[in-house]
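Dropping run.cif in here (mmCIF, C-alpha atoms):
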```cif
data_protein
#
loop_
_atom_site.label_atom_id
_atom_site.label_comp_id
_atom_site.auth_asym_id
_atom_site.auth_seq_id
_atom_site.Cartn_x
_atom_site.Cartn_y
_atom_site.Cartn_z
CA MET A 221 88.29 90.29 26.45
CA GLN A 222 85.13 91.34 24.64
CA LEU A 223 82.20 89.29 25.89
CA PRO A 224 79.13 88.43 23.77
CA ASN A 225 76.52 91.11 23.27
CA PHE A 226 73.53 91.43 25.58
CA LEU A 227 70.12 92.96 24.92
CA LEU A 228 69.27 96.15 26.79
CA TYR A 229 65.49 96.59 26.59
CA GLY A 230 64.14 100.04 27.42
CA ALA A 231 67.38 101.54 26.13
CA ASN A 232 65.94 105.05 25.85
CA GLY A 233 65.33 105.37 29.62
CA TYR A 234 67.41 107.47 31.99
CA THR A 235 69.16 104.60 33.77
CA ALA A 236 69.67 102.72 30.51
CA GLY A 237 71.50 105.77 29.20
CA LEU A 238 74.01 105.47 32.03
CA ILE A 239 74.39 101.75 31.34
CA ILE A 240 75.13 102.44 27.67
CA ARG A 241 77.77 105.02 28.58
CA MET A 242 79.51 102.71 31.06
CA ALA A 243 79.22 99.41 29.16
CA ALA A 244 82.64 99.55 27.48
CA ASP A 245 84.32 99.86 30.88
CA TYR A 246 83.01 96.36 31.70
CA GLY A 247 83.93 94.76 28.38
CA VAL A 248 80.31 94.36 27.31
CA ARG A 249 78.39 95.74 24.36
CA PRO A 250 74.60 96.17 24.44
CA ILE A 251 72.15 95.63 21.63
CA LEU A 252 69.74 98.50 22.18
CA ALA A 253 66.06 97.61 22.16
CA GLY A 254 62.66 99.09 22.87
CA ARG A 255 59.22 99.52 21.39
CA SER A 256 59.84 102.80 19.50
CA GLU A 257 62.28 103.08 16.62
CA ALA A 258 62.08 106.86 16.88
CA ALA A 259 63.50 106.63 20.41
CA ILE A 260 65.99 103.78 19.93
CA ARG A 261 67.51 104.36 16.51
CA PRO A 262 69.13 107.75 17.32
CA LEU A 263 70.80 106.22 20.38
CA ALA A 264 72.11 103.31 18.33
CA GLU A 265 73.53 105.69 15.75
CA GLN A 266 75.07 107.92 18.43
CA TYR A 267 76.94 105.00 20.04
CA SER A 268 77.41 102.87 16.88
CA LEU A 269 75.43 99.99 18.34
CA GLU A 270 73.03 97.42 16.90
CA TYR A 271 69.38 97.97 17.71
CA ARG A 272 66.12 96.01 17.58
CA ILE A 273 62.48 97.06 17.93
CA ALA A 274 59.54 95.13 19.38
CA ALA A 275 56.58 95.81 21.64
CA LEU A 276 56.25 93.41 24.55
CA ASP A 277 52.59 92.66 23.81
CA LYS A 278 53.61 90.86 20.61
CA PRO A 279 55.23 87.52 21.63
CA GLU A 280 56.46 86.57 18.15
CA ALA A 281 58.17 89.95 17.76
CA VAL A 282 59.81 89.55 21.18
CA ASP A 283 61.04 86.10 20.16
CA ASP A 284 62.70 87.69 17.12
CA LEU A 285 64.11 90.37 19.44
CA LEU A 286 65.90 87.70 21.49
CA ALA A 287 67.35 85.76 18.56
CA GLY A 288 71.02 84.96 19.21
CA VAL A 289 71.01 86.74 22.58
CA GLN A 290 72.36 85.13 25.77
CA VAL A 291 71.28 87.75 28.33
CA VAL A 292 68.52 90.36 28.57
CA LEU A 293 68.97 93.34 30.86
CA HIS A 294 65.42 94.64 31.14
CA ALA A 295 65.24 98.36 31.99
CA ALA A 296 61.73 99.32 30.88
CA GLY A 297 59.43 99.98 33.80
CA PRO A 298 57.02 100.05 35.46
CA PHE A 299 58.04 96.40 35.75
CA GLN A 300 54.70 95.34 37.19
CA HIS A 301 53.48 95.78 33.59
CA THR A 302 56.57 94.78 31.58
CA ALA A 303 58.37 92.01 33.48
CA LEU A 304 55.91 89.18 32.80
CA PRO A 305 56.06 89.18 28.99
CA MET A 306 59.85 89.51 29.02
CA MET A 307 60.33 86.71 31.58
CA GLU A 308 58.05 84.45 29.54
CA ALA A 309 59.97 85.29 26.36
CA CYS A 310 63.30 84.57 28.04
CA ILE A 311 62.04 81.15 29.15
CA ARG A 312 60.72 80.36 25.67
CA ASN A 313 64.00 81.37 24.06
CA ARG A 314 66.37 80.11 26.78
CA VAL A 315 67.82 83.56 27.52
CA HIS A 316 69.00 84.68 30.97
CA TYR A 317 66.80 87.42 32.47
CA LEU A 318 68.05 90.40 34.51
CA ASP A 319 66.21 93.60 35.39
CA ILE A 320 66.54 96.72 37.54
CA THR A 321 63.20 96.55 39.35
CA GLY A 322 62.57 97.16 43.03
CA GLU A 323 58.95 95.99 42.97
CA ILE A 324 57.96 93.22 45.39
CA THR A 325 55.39 91.84 42.94
CA VAL A 326 58.08 91.32 40.31
CA PHE A 327 60.42 89.49 42.70
CA GLU A 328 57.57 87.22 43.73
CA MET A 329 56.76 86.67 40.05
CA GLY A 330 60.36 85.65 39.42
CA LYS A 331 60.16 83.09 42.22
CA ARG A 332 57.08 81.54 40.62
CA PHE A 333 59.07 81.02 37.42
CA HIS A 334 61.88 79.19 39.26
CA GLN A 335 61.01 75.70 38.03
CA LYS A 336 60.37 76.84 34.45
CA ALA A 337 63.72 78.64 34.47
CA LEU A 338 65.41 75.48 35.76
CA ASP A 339 63.79 73.43 33.01
CA ALA A 340 64.93 75.96 30.40
CA GLY A 341 68.45 76.11 31.86
CA ILE A 342 68.28 79.87 32.34
CA MET A 343 68.58 82.25 35.27
CA ILE A 344 66.00 84.80 36.41
CA MET A 345 67.44 87.59 38.57
CA PRO A 346 65.33 90.71 39.00
CA GLY A 347 66.75 93.64 40.97
CA VAL A 348 70.36 93.95 39.77
CA GLY A 349 70.53 97.68 40.51
CA PHE A 350 70.20 99.89 43.58
CA ASP A 351 66.98 98.01 44.04
CA VAL A 352 68.16 95.72 45.69
CA VAL A 353 71.88 94.91 45.40
CA PRO A 354 73.29 96.96 48.31
CA THR A 355 70.52 96.06 50.76
CA ASP A 356 70.53 92.41 49.66
CA CYS A 357 74.29 92.21 50.24
CA MET A 358 73.95 93.86 53.63
CA ALA A 359 71.13 91.50 54.61
CA LEU A 360 73.37 88.50 53.88
CA PHE A 361 76.35 90.13 55.63
CA VAL A 362 74.50 90.60 58.94
CA LYS A 363 72.89 87.15 58.62
CA ASN A 364 76.31 85.55 58.14
CA ASN A 365 77.47 87.25 61.33
CA LEU A 366 74.35 86.30 63.31
CA PRO A 367 73.22 82.97 61.81
CA ASP A 368 70.32 82.46 64.22
CA ALA A 369 68.74 85.87 63.46
CA THR A 370 64.96 85.95 63.58
CA HIS A 371 64.44 89.62 62.70
CA LEU A 372 66.01 91.88 60.08
CA GLU A 373 65.75 95.64 59.62
CA LEU A 374 67.14 97.40 56.55
CA ALA A 375 67.26 101.12 55.82
CA PHE A 376 68.60 103.35 53.08
CA ALA A 377 68.95 107.07 52.55
CA THR A 378 70.46 109.26 49.86
CA LEU A 379 72.36 112.47 50.49
CA GLY A 380 71.78 114.56 47.36
CA GLY A 381 70.34 113.32 44.07
CA MET A 382 66.80 113.14 42.67
CA LEU A 383 64.37 110.67 41.08
CA SER A 384 64.37 109.72 37.40
CA HIS A 385 61.20 109.76 35.29
CA GLY A 386 61.04 105.96 35.45
CA THR A 387 61.29 105.73 39.22
CA ALA A 388 58.84 108.57 39.76
CA THR A 389 56.37 107.02 37.31
CA THR A 390 56.53 103.68 39.14
CA MET A 391 55.80 105.52 42.38
CA ALA A 392 52.84 107.27 40.71
CA GLU A 393 51.50 103.89 39.56
CA ASN A 394 51.52 102.73 43.18
CA LEU A 395 49.87 105.81 44.71
CA GLY A 396 47.35 104.86 47.33
CA GLY A 397 48.76 101.37 47.72
CA SER A 398 49.61 99.67 50.99
CA GLY A 399 52.98 99.04 52.54
CA ALA A 400 54.36 95.61 53.37
CA ALA A 401 56.51 93.74 55.86
CA ARG A 402 57.42 90.11 56.38
CA GLU A 403 56.13 88.39 59.50
CA GLY A 404 56.58 84.73 60.30
CA GLY A 405 57.88 84.15 56.78
CA LYS A 406 54.79 85.67 55.11
CA ILE A 407 54.43 89.00 53.30
CA VAL A 408 51.72 90.99 55.06
CA LYS A 409 50.14 94.32 54.19
CA LYS A 410 51.02 97.23 56.42
CA PRO A 411 50.36 100.97 56.25
CA ILE A 412 53.22 102.86 54.66
CA GLY A 413 55.05 104.61 57.47
CA GLU A 414 53.64 102.30 60.14
CA LYS A 415 57.01 102.45 61.90
CA GLY A 416 59.49 105.30 62.25
CA LYS A 417 62.91 105.53 63.84
CA LEU A 418 66.07 107.63 63.95
CA ILE A 419 68.89 105.65 62.34
CA ASP A 420 72.62 106.31 62.68
CA PHE A 421 74.06 105.88 59.20
CA GLY A 422 77.53 106.93 60.34
CA LEU A 423 77.77 110.15 58.39
CA LYS A 424 74.66 111.39 60.16
CA SER A 425 71.54 110.21 61.95
CA ILE A 426 68.43 110.35 59.77
CA PHE A 427 64.75 109.84 60.56
CA CYS A 428 63.32 106.95 58.51
CA MET A 429 59.92 105.33 58.08
CA SER A 430 58.89 101.85 56.99
CA ILE A 431 58.14 101.28 53.30
CA PRO A 432 57.50 98.24 51.05
CA TRP A 433 61.06 97.96 49.62
CA GLY A 434 61.96 94.96 47.46
CA ASP A 435 63.90 93.28 50.28
CA ILE A 436 60.61 92.28 51.87
CA SER A 437 60.77 89.63 49.13
CA THR A 438 64.45 89.27 48.28
CA ALA A 439 66.06 89.39 51.73
CA TYR A 440 63.88 86.48 52.82
CA THR A 441 65.08 84.44 49.83
CA THR A 442 68.68 85.40 50.53
CA THR A 443 68.73 84.93 54.31
CA GLY A 444 65.67 82.95 55.38
CA ILE A 445 65.07 85.48 58.18
CA PRO A 446 61.29 85.32 58.73
CA ASN A 447 60.62 88.85 60.01
CA ILE A 448 61.75 91.81 57.88
CA VAL A 449 61.04 95.55 57.92
CA THR A 450 62.53 98.04 55.44
CA TYR A 451 62.90 101.81 55.93
CA THR A 452 63.85 104.90 53.97
CA ARG A 453 64.44 108.55 54.75
CA SER A 454 61.37 110.62 55.58
CA SER A 455 60.56 113.94 57.14
CA PRO A 456 58.81 113.64 60.52
CA GLY A 457 55.98 115.71 59.01
CA THR A 458 55.37 113.19 56.23
CA PHE A 459 55.51 110.38 58.77
CA LYS A 460 52.82 112.05 60.88
CA MET A 461 50.65 112.85 57.86
CA LEU A 462 50.63 109.21 56.78
CA ARG A 463 48.68 108.31 59.89
CA TRP A 464 45.67 109.66 58.00
CA GLN A 465 46.36 107.75 54.77
CA GLY A 466 43.37 105.45 55.25
CA MET A 467 41.16 108.46 54.67
CA PHE A 468 42.71 109.65 51.39
CA ASN A 469 44.37 106.60 49.76
CA TRP A 470 41.20 105.91 47.75
CA ILE A 471 41.63 109.31 46.10
CA LEU A 472 45.27 108.60 45.20
CA ARG A 473 44.22 105.36 43.52
CA LEU A 474 42.00 107.18 41.00
CA ASP A 475 43.36 107.15 37.44
CA PHE A 476 42.99 110.89 36.91
CA VAL A 477 45.10 111.57 40.03
CA LYS A 478 47.83 109.19 38.87
CA ASN A 479 47.75 110.68 35.37
CA TYR A 480 48.07 114.17 36.84
CA TYR A 481 51.26 113.20 38.67
CA LYS A 482 52.64 111.41 35.59
CA LYS A 483 52.12 114.58 33.57
CA LYS A 484 53.98 116.58 36.21
CA ILE A 485 56.81 114.05 36.16
CA LYS A 486 57.32 114.46 32.40
CA GLN A 487 57.81 118.20 32.88
CA LYS A 488 60.83 117.65 35.12
CA PRO A 489 64.41 116.68 34.17
CA ALA A 490 64.82 113.03 33.14
CA GLY A 491 67.01 112.40 36.16
CA PRO A 492 69.91 113.79 38.18
CA SER A 493 72.72 115.51 36.30
CA ASP A 494 76.20 113.95 36.18
CA GLU A 495 77.40 116.56 38.65
CA MET A 496 74.55 115.79 41.04
CA ARG A 497 75.20 112.06 40.84
CA GLU A 498 78.90 112.50 41.52
CA LYS A 499 78.23 114.52 44.65
CA ALA A 500 75.43 112.30 46.02
CA THR A 501 75.97 109.36 48.37
CA SER A 502 73.88 106.30 49.22
CA LEU A 503 73.79 105.10 52.82
CA ILE A 504 72.64 101.62 53.90
CA TRP A 505 72.00 100.32 57.43
CA ALA A 506 71.25 96.73 58.40
CA GLN A 507 70.54 95.09 61.75
CA ALA A 508 69.87 91.43 62.52
CA THR A 509 68.43 90.34 65.86
CA ASN A 510 68.07 86.85 67.31
CA ALA A 511 65.50 85.45 69.72
CA ALA A 512 67.70 86.29 72.72
CA GLY A 513 67.84 89.95 71.70
CA LYS A 514 71.45 89.87 70.49
CA THR A 515 72.03 92.18 67.52
CA PHE A 516 74.55 92.55 64.72
CA THR A 517 74.57 95.90 62.92
CA ALA A 518 76.47 97.13 59.87
CA ARG A 519 76.55 100.23 57.68
CA LEU A 520 77.48 100.84 54.07
CA ARG A 521 78.40 103.95 52.14
CA THR A 522 78.36 103.71 48.35
CA ALA A 523 77.59 105.46 45.06
CA GLU A 524 74.44 107.45 44.26
CA GLY A 525 71.53 105.17 43.35
CA TYR A 526 71.42 105.57 39.56
CA THR A 527 75.21 105.41 39.24
CA LEU A 528 75.20 102.30 41.39
CA THR A 529 72.42 100.72 39.32
CA ALA A 530 74.44 101.17 36.14
CA ILE A 531 77.55 99.72 37.77
CA THR A 532 75.97 96.71 39.48
CA SER A 533 73.78 95.80 36.50
CA LEU A 534 76.87 95.81 34.28
CA LEU A 535 78.92 93.86 36.83
CA ILE A 536 76.23 91.18 37.00
CA THR A 537 75.71 91.16 33.22
CA GLN A 538 79.46 90.71 32.82
CA LYS A 539 79.46 87.77 35.25
CA VAL A 540 76.53 86.06 33.52
CA LEU A 541 78.02 86.49 30.05
CA ALA A 542 81.27 84.99 31.38
CA GLY A 543 79.35 81.89 32.53
CA ASN A 544 79.01 82.69 36.24
CA VAL A 545 75.39 81.66 36.31
CA SER A 546 73.03 79.20 37.98
CA PRO A 547 69.66 78.22 36.47
CA GLY A 548 66.48 79.17 38.30
CA TYR A 549 65.49 82.22 40.31
CA HIS A 550 68.20 83.95 42.35
CA THR A 551 68.76 87.18 44.21
CA PRO A 552 72.05 89.04 43.63
CA ALA A 553 73.59 88.23 47.03
CA SER A 554 72.31 84.64 47.13
CA LEU A 555 74.35 83.86 44.01
CA PHE A 556 77.25 86.31 44.10
CA GLY A 557 77.68 86.73 47.86
CA ALA A 558 77.60 89.54 50.42
CA ASP A 559 80.81 91.09 49.06
CA LEU A 560 79.34 91.75 45.61
CA ILE A 561 78.61 95.34 46.63
CA LEU A 562 82.28 95.86 47.52
CA GLU A 563 83.11 95.53 43.81
CA VAL A 564 81.53 98.98 43.36
CA PRO A 565 84.32 101.61 43.52
CA ASN A 566 84.59 103.69 46.70
CA THR A 567 82.19 101.51 48.67
CA GLN A 568 82.85 101.28 52.41
CA ARG A 569 81.30 98.76 54.80
CA GLU A 570 81.67 98.86 58.58
CA ILE A 571 80.49 96.85 61.55
CA VAL A 572 78.76 98.89 64.24
CA PRO A 573 79.86 97.86 67.76
CA GLU A 574 76.99 96.44 69.82
CA ALA A 575 75.78 98.82 72.49
CA LYS A 576 76.70 97.78 76.02
#
```

Can I see the file as structure tokens?
Amino acid sequence: MQLPNFLLYGANGYTAGLIIRMAADYGVRPILAGRSEAAIRPLAEQYSLEYRIAALDKPEAVDDLLAGVQVVLHAAGPFQHTALPMMEACIRNRVHYLDITGEITVFEMGKRFHQKALDAGIMIMPGVGFDVVPTDCMALFVKNNLPDATHLELAFATLGGMLSHGTATTMAENLGGSGAAREGGKIVKKPIGEKGKLIDFGLKSIFCMSIPWGDISTAYTTTGIPNIVTYTRSSPGTFKMLRWQGMFNWILRLDFVKNYYKKKIKQKPAGPSDEMREKATSLIWAQATNAAGKTFTARLRTAEGYTLTAITSLLITQKVLAGNVSPGYHTPASLFGADLILEVPNTQREIVPEAK
């Protein structure tokens, strides 16, 4: 069954390109959209798709962009700059909002629009890609198996692969920023790399350090666990160097430094090749702990991050277009459950026996 069309904004980006290529496999057909006709029109002609053009700083043009659309899949980052006008437009036009962000500020923004989304009868769900579907699902899985958990740790690592221009640019925008954790139900600033640990992902043990991943926001919404730390792979050398970040973060925050890195990013490939993506693997680790010190730990092995983002964003778009939707703000796992990630082909989840 062919479902109604959805609007893919930022269609000329690397991840959006994967979404376009995979869309037919999920019975959905995107309307391609962005701010530049020179970038969008050739894609539309290549794939024989409808396209629309509007800049997000022109509300009336964005309203025209959303005419007759049921769902927007927003793929134009950095989302800290682009999510607000698109969320507001979706509320005005009663269109469901999805995006592929991993930015804590955007998740918190979505929460603030909860009541307006309810009033408009639409759903707001940021983070329908690698940021944060697999970790969100794992957070709910360990919570379901340890309902009285008070602490949650989540970690991810990729074997193979590389960053896209969009992801790298978002990281450049945040150079010199602080990390974050959740303590006592509140998001608190922390130094990036404040904590480090060796984590057994099953395939191998990998050193990881704490970072401000989106689950600092979303996992709390999904599970209610009040204390959350998120980790990713790091070299021990980088971890040690970050102890001095207070001395040089002010330099990294300067515009000319950020612009230098953005220029360097544009000189690199747009993202990993198909061959690289096929060979790469994403690893997720989650551990819940209760007040008595009892733990429940699980691991997940799934597709490379950009491949997974294309798949999960299309899975969720498909569900929403089919009417599987609830008005207001939601995280992926809070609405679709901990097993959502198991709908991604070749995904394996395992429970780690508790150490005796």

Name the closest residue to Gly237 (chain A) among the candidates A:Leu304, A:Val540, A:Ala258, A:Ala530; distances are taken between atoms, counting only C-alpha atoms.
A:Ala530

So that I can check the surroundings of region 497-508 of chain A, please list as a PyMOL selection string every protein, DNA and RNA residue that reaches within 7 Å of it, counting all atoms listed in the file and ignoring chain neighbours fewer than 4 positions away.
chain A and resi 355+358-359+362-363+366+369+371-381+421+492-493+515-525+527

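When only C-alpha atoms are used to compute distances to Ala309 (chain A), the closest of the residues A:Asp283, A:Glu563, A:Asp339, A:Asp420 turns out to be A:Asp283.
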
For the structure shown, which residues end up in the PyMOL selection byres ((chain A and resi 341) around 10)? Put them as a VMD selection string, please?
chain A and resid 311 314 to 316 335 to 340 342 to 343 545 to 548

Looking at all atoms listed in the file, which of A:Ile344, A:Leu541, A:Leu555, A:Ala400 is the one that sits closest to Phe226 (chain A)?
A:Leu541

I'd like the neighbourhood of Val353 (chain A) as a PyMOL selection string, where a residue qualifies if any of its atoms comes within 9 Å (using only C-alpha atoms), though same-chain residues fewer than 6 positions away should be ignored.
chain A and resi 347+529+532+551-553+560-561

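Between CA of Leu228 (chain A) and CA of His294 (chain A) the separation is 6.0 Å.
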
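Distance-wise, CA of Thr235 (chain A) and CA of Leu293 (chain A) end up 11.6 Å apart.
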
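For the choices A:Cys428, A:Phe327, A:Ala558, A:Ile251, the atom-to-atom distance to Glu265 (chain A) is smallest for A:Ile251 when using all atoms listed in the file.
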
Long-range neighbours of Leu528 (chain A) as a ChimeraX atom specification, 8 Å cut-off, only C-alpha atoms, 6 positions minimum in chain:
/A:349-350,522,564

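CA of Thr443 (chain A) to CA of Thr370 (chain A) spans 10.1 Å [interatomic distance, one decimal].
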
Take the PyMOL selection byres ((chain A and resi 538) around 12), apply it to the structure above, and return the hits as a PyMOL selection string.
chain A and resi 221-226+243-250+290-293+318+348+531-537+539-545

Go ahead and write the residues just picked, C-alpha atoms, as an mmCIF file, in the coordinates of the input.
```cif
data_model
loop_
_atom_site.group_PDB
_atom_site.id
_atom_site.type_symbol
_atom_site.label_atom_id
_atom_site.label_comp_id
_atom_site.auth_asym_id
_atom_site.auth_seq_id
_atom_site.Cartn_x
_atom_site.Cartn_y
_atom_site.Cartn_z
ATOM 1 C CA MET A 221 88.290 90.290 26.450
ATOM 2 C CA GLN A 222 85.130 91.340 24.640
ATOM 3 C CA LEU A 223 82.200 89.290 25.890
ATOM 4 C CA PRO A 224 79.130 88.430 23.770
ATOM 5 C CA ASN A 225 76.520 91.110 23.270
ATOM 6 C CA PHE A 226 73.530 91.430 25.580
ATOM 7 C CA ALA A 243 79.220 99.410 29.160
ATOM 8 C CA ALA A 244 82.640 99.550 27.480
ATOM 9 C CA ASP A 245 84.320 99.860 30.880
ATOM 10 C CA TYR A 246 83.010 96.360 31.700
ATOM 11 C CA GLY A 247 83.930 94.760 28.380
ATOM 12 C CA VAL A 248 80.310 94.360 27.310
ATOM 13 C CA ARG A 249 78.390 95.740 24.360
ATOM 14 C CA PRO A 250 74.600 96.170 24.440
ATOM 15 C CA GLN A 290 72.360 85.130 25.770
ATOM 16 C CA VAL A 291 71.280 87.750 28.330
ATOM 17 C CA VAL A 292 68.520 90.360 28.570
ATOM 18 C CA LEU A 293 68.970 93.340 30.860
ATOM 19 C CA LEU A 318 68.050 90.400 34.510
ATOM 20 C CA VAL A 348 70.360 93.950 39.770
ATOM 21 C CA ILE A 531 77.550 99.720 37.770
ATOM 22 C CA THR A 532 75.970 96.710 39.480
ATOM 23 C CA SER A 533 73.780 95.800 36.500
ATOM 24 C CA LEU A 534 76.870 95.810 34.280
ATOM 25 C CA LEU A 535 78.920 93.860 36.830
ATOM 26 C CA ILE A 536 76.230 91.180 37.000
ATOM 27 C CA THR A 537 75.710 91.160 33.220
ATOM 28 C CA LYS A 539 79.460 87.770 35.250
ATOM 29 C CA VAL A 540 76.530 86.060 33.520
ATOM 30 C CA LEU A 541 78.020 86.490 30.050
ATOM 31 C CA ALA A 542 81.270 84.990 31.380
ATOM 32 C CA GLY A 543 79.350 81.890 32.530
ATOM 33 C CA ASN A 544 79.010 82.690 36.240
ATOM 34 C CA VAL A 545 75.390 81.660 36.310
#
```

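Applied to this file, the PyMOL selection byres ((chain A and resi 330) around 8) selects Met307, Val326, Phe327, Glu328, Met329, Lys331, Arg332, Phe333, His334, Ile344, Met345, Pro346 and Tyr549 of chain A.
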
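Remark: for Ile436 (chain A), the closest of the candidate residues A:Met306, A:Leu423, A:Val352, A:Leu360 is A:Val352 (distances computed over only C-alpha atoms).
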
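Compared by their closest atoms to Asn447 (chain A), and using only C-alpha atoms, the residues A:Ile426, A:Ala401, A:Leu286, A:Ala281 rank with A:Ala401 nearest.
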